[in-house]
2 protein chains.
Amino acid sequence: MADRVHVTLRDVATAAGVSLATASRVLNGTAKVREDLRDRVEAAASELAYTPNAHAQALARASNETVGVICHDVSDPYFSGIARGVMRAAAQRDLLVMLASTFRDSAREVAYVSMLRAQRARAILLIGSGFEDRRWERAMDVELRPYLNAGGRVAVVSRHRSLRVDTVLPENRAGAAALARALLALGHRRFAVLSGPPGLSTVVDRVGGFRDALAAAGVPVGQVVEGPFSREGGYAGASALLDRGLDATCLFAATDVMAVGALAALRERGLRVPDDVSLAGFDDVPVVRDLTPPLTTVALPLEEMGERVIALALRDGGRGRRRIERIAGRVVLRASTTGPP
Amino acid sequence: MADRVHVTLRDVATAAGVSLATASRVLNGTAKVREDLRDRVEAAASELAYTPNAHAQALARASNETVGVICHDVSDPYFSGIARGVMRAAAQRDLLVMLASTFRDSAREVAYVSMLRAQRARAILLIGSGFEDRRWERAMDVELRPYLNAGGRVAVVSRHRSLRVDTVLPENRAGAAALARALLALGHRRFAVLSGPPGLSTVVDRVGGFRDALAAAGVPVGQVVEGPFSREGGYAGASALLDRGLDATCLFAATDVMAVGALAALRERGLRVPDDVSLAGFDDVPVVRDLTPPLTTVALPLEEMGERVIALALRDGGRGRRRIERIAGRVVLRASTTGPP
DNA sequence: GCGCTATCTGAAAGCGCTTTCCTGCGGTAC
DNA sequence: GTACCGCAGGAAAGCGCTTTCAGATAGCGC
């Protein structure tokens with residue numbers, strides 16, 4: 001076996017005693033080929049362990065079988081849940097997924113889009129919030145526009161503003177409002193909110209929806225602290241609240257991951273959940289039902305969202321107006337919430 | 001702007017009034033080019049929003065800047081922790097990561113290796129246990145051997161047997177033994193074990209190490225149940241144990257994820273951890289410190305393992321003997337374990 | 001047996017790039 | 001002024017494949 005060198009279609013054709021064209025036709029099934037030739041080609045291919053060079057194919061066919069996915073952090077359960085759905089759907093379509101983590105660095109996100117563009121990925125999917133950065137927005141536009149013009153597909157999930165592309169969007173506002181109403185129904189009247197990075201549409205909608213529902217009931221939203229969408233963010237936010245004196249019977253965290261951090265902070269300070277204070281999150285990432293107490297939250301079908309976003313990107317008609325698919329959230333009351341003390 | 005068509009290097013060269021070769025040289029910095037020409041090329045490239053076709057480059061250069069990663073499930077925190085490390089390291093090297101999930105289907109794993117081979121990925125990284133399947137092993141060998149012969153790099157992490165390639169390997173045996181000794185020191189003498197799928201090296205080593213350490217202290221390992229490496233597996237295993245009457249003061253689950261399921265089952269049956277029974281896991285995935293009680297476990301540096309495996313694959317000298325990098329685990333005693341009741 | 005058509009096969013062009021080879025230029029030494 | 005050298009830039013080959021186009025072969029009706 002030749003070392004350091006790949007078997008090419010030419011090798012297969014030679015071994016089978018046919019032309020390159022015939023070998024290609026056999027292996028792709030693109031045209032009828034006499035049976036004995038076909039057999040010889042197939043035998044030679046498997047004998048030589050031939051694998052077509054995907055780059056050569058992509059070049060010749062001017063298309064390829066990959067999609068790119070960009071998220072902030074694969075090990076955040078919100079993203080990995082969605083990514084799982086994307087991968088499942090991609091597998092069904094025989095697409096290869098290139099997954100990149102930005103680690104919340106906007107420059108890196110732009111760089112990845114550029115790389116995926118270079119790869120001529122069939123579609124580029126962006127998972128999770130964008131950046132509040134004018135420069136980023138321009139840079140992104142510079143990358144995305146030519147890609148779209150060249151027939152590339154772009155879709156985003158759980159990201160709303162700034163990029164005018166097809167979108168899968170959780171109904172954050174309605175979900176948060178429904179959660180607020182459920183919490184009001186439990187009797188709470190004094191709330192505190194652990195909000196995410198200001199300006200992100202997810203934050204604006206969740207906190208806004210929560211606030212609106214309270215307002216509709218004549219209840220003012222109380223203390224609000226902002227912090228990153230992470231366990232540490234939730235921990236720090238809850239700690240800050242506690243430091244300045246928590247004046248609420250119920251705490252709403254904008255994401256489950258933040259709620260996990262908040263729970264830890266609460267517990268460290270000796271507050272019992274839900275006896276002293278109720279706690280609710282948003283997303284229903286898998287871990288929250290294993291917390292003690294299990295977390296009340298707004299459940300989002302993460303995997304389905306992933307499947308939807310890739311389907312949306314690949315579906316025809318992309319050059320028309322922007323399509324938005326809305327995903328409803330479902331309030332799940334668990335033991336982390338109860339009536340006020 | 002031309003629609004449906006990509007800007008090529010030829011377009012840039014024409015716009016700049018230079019030859020293809022010169023444009024290539026400027027954009028790659030591979031040779032000295034007169035300053036005014038260089039400026040013109042750069043201006044034209046950015047004017048046209050040119051992005052090189054990675055496939056054409058890969059073809060012409062006979063190499064490319066991607067690595068493939070195959071794991072069982074991105075949304076399992078063990079894998080996503082490792083994947084995070086891989087991505088961080090890949091980003092530093094300007095490599096694009098193609099990540100595939102097998103969903104524990106061995107045929108799909110083989111298919112992915114084939115696709116990554118077709119992509120001429122610089123390296124293929126396999127995360128997590130292999131399959132106990134003779135057919136799979138042969139199929140894998142058929143794919144991997146030509147890839148290696150052609151200069152491809154393959155490395156695995158947390159997988160030991162059957163594939164004789166470079167490996168990053170947690171010291172499962174030693175870690176489990178150390179954990180067992182710590183548990184013995186707490187006073188436990190009756191243990192039950194939640195084991196994983198039989199035959200997997202990870203299982204063999206963890207359960208074996210645990211058992212050996214007990215044996216060294218003259219303590220027999222008690223009940224053992226097997227199940228898949230998942231929350232459901234842990235839940236079912238613990239339930240089975242409870243059904244047949246749990247005869248142990250301490251339960252050891254082969255992975256943290258299983259321990260999470262076990263904890264839920266235990267609690268559902270009214271058993272308190274650690275008062276009625278102590279519980280320990282393995283891996284130290286992020287969530288376990290947020291459980292109540294926080295889980296005693298053997299901590300593995302997941303992200304570092306990811307960084308190590310990609311470094312190992314890309315490091316030269318791969319054609320020599322198989323290299324194995326061992327990763328030590330560290331026993332972390334948390335509140336889920338205490339002395340026997 | 002001849003001419004025509006319907007199939008199948010092979011030659012060759014071309015996808016977009018890199019890289020080798022070669023030409024032409026300016027500069028230096030004599 | 002001539003011969004030589006070094007260097008920058010262009011022409012062209014080639015990476016491995018797909019696909020068009022044309023040629024060859026077989027099959028059919030007369």
# chains A, B, ... in the order shown; residues from 1 in each chain; ligands from 1
>>> residues_around(residues="B:Val154", least_positions_apart="2", cutoff="9 Å", atoms="only C-alpha atoms (C1' of nucleotides)", output="list of chain:residue names")
B:Arg122, B:Ala123, B:Ile124, B:Leu125, B:Leu126, B:Leu144, B:Tyr147, B:Leu148, B:Gly152, B:Val156, B:Val165, B:Asp166, B:Thr167, B:Ala313, B:Leu314, B:Gly318
>>> interface_residues(of="chain B", to="chain C", cutoff="7 Å", atoms="only C-alpha atoms (C1' of nucleotides)", output="PDB file with C-alpha atoms, in the first residue's frame")
ATOM      1  CA  THR B   8     -12.734  34.122  -7.217  1.00  0.00           C
ATOM      2  CA  ASN B  53     -12.378  28.782  -1.648  1.00  0.00           C
ATOM      3  CA  ALA B  56      -9.636  24.760  -3.968  1.00  0.00           C
ATOM      4  CA  GLN B  57      -6.908  25.594  -1.512  1.00  0.00           C
ATOM      5  CA  ALA B  60      -3.976  22.623  -4.495  1.00  0.00           C
ATOM      6  CA  ARG B  61      -2.079  22.481  -1.240  1.00  0.00           C
TER       7      ARG B  61
END
>>> interface_residues(of="chain D", to="chain A", cutoff="10 Å", atoms="only C-alpha atoms (C1' of nucleotides)", output="list of chain:residue names")
D:DC15, D:DG16, D:DC17, D:DT18, D:DT19
>>> closest_residue(among="B:Pro228, B:Gly151, B:Pro220, B:Pro340", to="chain A", atoms="only C-alpha atoms")
B:Gly151
>>> atom_distance(atom1="atom CA of A:Thr296", atom2="atom CA of A:Gly209")
16.8 Å
